Amino acid sequence: MSQLTLYTAEVCPYAQRTRIVLGEKGIAHEQVQIDLDDKPDWLADLTPTNRVPVIRHDDFVLWESATVNEYLDASFPGVALKPADERGRAVMRNEIRHFDNVFLPTFYKLLFEQNESVQTELRQQVVDGFEFLEARLGEIQGDGPYWLGAEMSLADAAMWPFFERLGVFEHYRSLVLPVTCVRLHHWFDAVGAHASVHATAHDLDYFLPLYTNYANGVGSGVSAQAFRSGAAN
Ligand SMILES: N[C@@H](CCC(=O)N[C@@H](CS)C(=O)NCC(=O)O)C(=O)O
């Protein structure tokens, strides 16, 4: 029987991606919680990124949520969380890549930004980003309701946790997902209805105090440094 350990943090949306995949596939594992404000020294020995999520599968250690999730999906039985054909898988990877490298940096820069007129510009850029994603869904989703169509995939697991935190952005930065983004609204509800996703979810009261530092621009971890400068994590 193989042993699987997930190094995670409850607040972390990237680790949440992996928890969704573990839940959706019903993979037995243990979780080790990492305090992101007081990371253990051994985390840097486990992963050069010094970030969660990390998994240890027997003697194999792997980090980076997108890579971890592909590995878990390919290595364990259960529902397949990727398209059956190579083209579909390539599209899925590009959707996640765009989200991580283009959408998220602006999204988080808005949360860190303290200057109100810059916030106004960034808020518009994020709304443009939502509209881009909405248009993208129109091109690839068909009748949905998932990102890639009728089946849940790693793309849903990758994006849902960040949309779950939208209330934080509304509270601190008056950002809302436009009502015209009908596909995105439906998608969020459909993915959130999965038991595996629901099991990882929290309400706004949980998130708001945890994001105060980011909203005040003072987060000091490696993630905060990256997002404050508008980089990807
Ligand atoms: N690209 C990474 C990002 C992971 C990440 O940024 N994790 C954050 C927590 S949400 C972290 O561990 N940060 C450590 C720190 O801020 O010191 C992934 O997809 O796994």
# chains A, B, ... in the order shown; residues from 1 in each chain; ligands from 1
$ select_by_dssp --residues "range 39-152 of chain A" --states "strand (DSSP E)" --output "VMD selection string"
chain A and resid 54 to 57 60 to 63
$ write_last_selection --atoms "C-alpha atoms" --output "PDB file, in the first residue's frame"
ATOM      1  CA  VAL A  54       3.885  19.589  -1.746  1.00  0.00           C
ATOM      2  CA  ILE A  55       3.193  15.877  -1.865  1.00  0.00           C
ATOM      3  CA  ARG A  56       5.304  12.921  -0.788  1.00  0.00           C
ATOM      4  CA  HIS A  57       4.242   9.723  -2.535  1.00  0.00           C
ATOM      5  CA  PHE A  60       8.836  10.729  -4.398  1.00  0.00           C
ATOM      6  CA  VAL A  61       8.415  14.403  -3.526  1.00  0.00           C
ATOM      7  CA  LEU A  62       6.644  16.827  -5.884  1.00  0.00           C
ATOM      8  CA  TRP A  63       5.523  20.459  -5.724  1.00  0.00           C
TER       9      TRP A  63
END
$ closest_atom_pairs --of "chain A" --to "ligand 1" --cutoff "6 Å" --atoms "only C-alpha atoms and all ligand atoms" --output "Markdown table"
| residue | atom | partner | partner_atom_place_in_ligand_line | distance |
| --- | --- | --- | --- | --- |
| A:Cys12 | CA | ligand 1 | 10 (S) | 3.6 |
| A:Pro13 | CA | ligand 1 | 10 (S) | 5.5 |
| A:Tyr14 | CA | ligand 1 | 19 (O) | 5.2 |
| A:Leu36 | CA | ligand 1 | 17 (O) | 5.7 |
| A:Arg51 | CA | ligand 1 | 12 (O) | 3.1 |
| A:Val52 | CA | ligand 1 | 12 (O) | 3.9 |
| A:Pro53 | CA | ligand 1 | 20 (O) | 5.3 |
| A:Glu64 | CA | ligand 1 | 20 (O) | 3.5 |
| A:Ser65 | CA | ligand 1 | 20 (O) | 3.8 |
| A:Ala66 | CA | ligand 1 | 19 (O) | 5.9 |
| A:Gly221 | CA | ligand 1 | 16 (O) | 3.6 |
| A:Val222 | CA | ligand 1 | 16 (O) | 4.0 |
| A:Ser223 | CA | ligand 1 | 16 (O) | 3.8 |
| A:Ala224 | CA | ligand 1 | 16 (O) | 5.8 |
| A:Asn233 | CA | ligand 1 | 1 (N) | 4.6 |
$ residues_around --residues "range 85-94 of chain A" --least-positions-apart "2" --cutoff "12 Å" --atoms "only C-alpha atoms" --output "JSON, numbers by chain"
{"A": [66, 67, 69, 70, 80, 81, 82, 83, 96, 97, 98, 99, 100, 101, 102, 136, 137, 139, 140, 141, 146, 147, 148, 149, 151, 152, 153, 154, 155, 156, 157, 158, 159]}
$ closest_atom_pairs --of "range 139-231 of chain A" --to "range 105-113 of chain A" --cutoff "7 Å" --atoms "only C-alpha atoms" --output "tab-separated table"
residue	atom	partner	partner_atom	distance
A:Phe169	CA	A:Leu111	CA	6.7
A:Arg173	CA	A:Leu111	CA	6.7
A:Tyr214	CA	A:Phe112	CA	5.4
A:Ala215	CA	A:Leu111	CA	5.2
A:Asn216	CA	A:Phe112	CA	6.6
A:Gly217	CA	A:Phe112	CA	4.5
A:Phe227	CA	A:Tyr108	CA	5.8
A:Arg228	CA	A:Lys109	CA	5.5
A:Gly230	CA	A:Pro105	CA	5.1
A:Ala231	CA	A:Pro105	CA	5.5
$ write_last_selection --atoms "C-alpha atoms" --output "mmCIF file, in the first residue's frame"
data_model
loop_
_atom_site.group_PDB
_atom_site.id
_atom_site.type_symbol
_atom_site.label_atom_id
_atom_site.label_comp_id
_atom_site.auth_asym_id
_atom_site.auth_seq_id
_atom_site.Cartn_x
_atom_site.Cartn_y
_atom_site.Cartn_z
ATOM 1 C CA PHE A 169 -11.965 41.215 -3.126
ATOM 2 C CA ARG A 173 -11.586 46.380 -3.204
ATOM 3 C CA TYR A 214 -2.644 41.435 1.869
ATOM 4 C CA ALA A 215 -5.306 44.165 1.728
ATOM 5 C CA ASN A 216 -3.088 46.429 3.846
ATOM 6 C CA GLY A 217 -0.176 45.658 1.528
ATOM 7 C CA PHE A 227 1.956 39.156 -5.859
ATOM 8 C CA ARG A 228 2.802 42.646 -4.577
ATOM 9 C CA GLY A 230 2.586 41.810 -9.959
ATOM 10 C CA ALA A 231 4.395 38.499 -10.575
#
$ residues_around --residues "range 189-203 of chain A" --least-positions-apart "5" --cutoff "6 Å" --atoms "only C-alpha atoms" --output "ChimeraX atom specification"
/A:20,23-24
$ closest_residue --among "A:Asp38, A:Gln114, A:Phe132, A:Leu122" --to "Glu95 in chain A" --atoms "only C-alpha atoms"
A:Phe132
$ select_by_dssp --residues "range 17-221 of chain A" --states "alpha helix (DSSP H)" --output "MDAnalysis selection string"
chainID A and resid 17:25 42:46 65:75 86:98 104:112 116:140 154:164 166:173 182:192 195:198 204:210 212:215
$ atom_distance --atom1 "CA of Ala135 in chain A" --atom2 "CA of Ser117 in chain A"
27.4 Å
$ closest_residue --among "A:Gly138, A:Glu170, A:Leu175, A:Phe103" --to "Gln124 in chain A" --atoms "only C-alpha atoms"
A:Leu175
$ residues_around --residues "Ile27 in chain A" --least-positions-apart "6" --cutoff "9 Å" --atoms "only C-alpha atoms" --output "PyMOL selection string"
chain A and resi 4+21+72+76-78
$ decode --residues "range 107-126 of chain A" --atoms "N, CA and C atoms" --output "short mmCIF file (atom, residue, chain, number, x, y, z; two decimals), in the first residue's frame"
data_model
loop_
_atom_site.label_atom_id
_atom_site.label_comp_id
_atom_site.auth_asym_id
_atom_site.auth_seq_id
_atom_site.Cartn_x
_atom_site.Cartn_y
_atom_site.Cartn_z
N PHE A 107 -5.11 40.19 -10.45
CA PHE A 107 -6.11 39.99 -9.40
C PHE A 107 -5.50 40.29 -8.02
N TYR A 108 -4.35 39.71 -7.75
CA TYR A 108 -3.73 39.91 -6.44
C TYR A 108 -3.05 41.26 -6.31
N LYS A 109 -2.57 41.80 -7.42
CA LYS A 109 -1.96 43.13 -7.35
C LYS A 109 -3.01 44.13 -6.87
N LEU A 110 -4.25 43.94 -7.35
CA LEU A 110 -5.35 44.81 -6.91
C LEU A 110 -5.52 44.74 -5.39
N LEU A 111 -5.42 43.53 -4.84
CA LEU A 111 -5.61 43.39 -3.39
C LEU A 111 -4.49 44.07 -2.60
N PHE A 112 -3.26 44.00 -3.13
CA PHE A 112 -2.13 44.60 -2.42
C PHE A 112 -2.04 46.12 -2.60
N GLU A 113 -2.58 46.63 -3.70
CA GLU A 113 -2.39 48.04 -4.06
C GLU A 113 -3.06 48.96 -3.05
N GLN A 114 -2.34 50.00 -2.61
CA GLN A 114 -2.86 50.93 -1.61
C GLN A 114 -3.35 52.24 -2.22
N ASN A 115 -2.88 52.56 -3.41
CA ASN A 115 -3.25 53.83 -4.05
C ASN A 115 -4.61 53.68 -4.76
N GLU A 116 -5.57 54.53 -4.37
CA GLU A 116 -6.94 54.33 -4.86
C GLU A 116 -7.08 54.49 -6.37
N SER A 117 -6.33 55.44 -6.96
CA SER A 117 -6.52 55.60 -8.41
C SER A 117 -5.89 54.42 -9.16
N VAL A 118 -4.80 53.87 -8.61
CA VAL A 118 -4.23 52.66 -9.23
C VAL A 118 -5.19 51.48 -9.04
N GLN A 119 -5.82 51.43 -7.85
CA GLN A 119 -6.82 50.37 -7.62
C GLN A 119 -7.91 50.42 -8.69
N THR A 120 -8.35 51.64 -9.02
CA THR A 120 -9.41 51.79 -10.02
C THR A 120 -8.98 51.21 -11.37
N GLU A 121 -7.71 51.50 -11.74
CA GLU A 121 -7.19 50.94 -13.01
C GLU A 121 -7.11 49.43 -12.95
N LEU A 122 -6.59 48.92 -11.83
CA LEU A 122 -6.42 47.47 -11.69
C LEU A 122 -7.77 46.75 -11.66
N ARG A 123 -8.75 47.39 -10.98
CA ARG A 123 -10.09 46.79 -10.91
C ARG A 123 -10.65 46.61 -12.33
N GLN A 124 -10.44 47.65 -13.16
CA GLN A 124 -10.92 47.54 -14.55
C GLN A 124 -10.18 46.43 -15.29
N GLN A 125 -8.88 46.31 -15.02
CA GLN A 125 -8.11 45.24 -15.69
C GLN A 125 -8.61 43.86 -15.27
N VAL A 126 -8.98 43.73 -13.99
CA VAL A 126 -9.49 42.42 -13.53
C VAL A 126 -10.85 42.15 -14.17
#
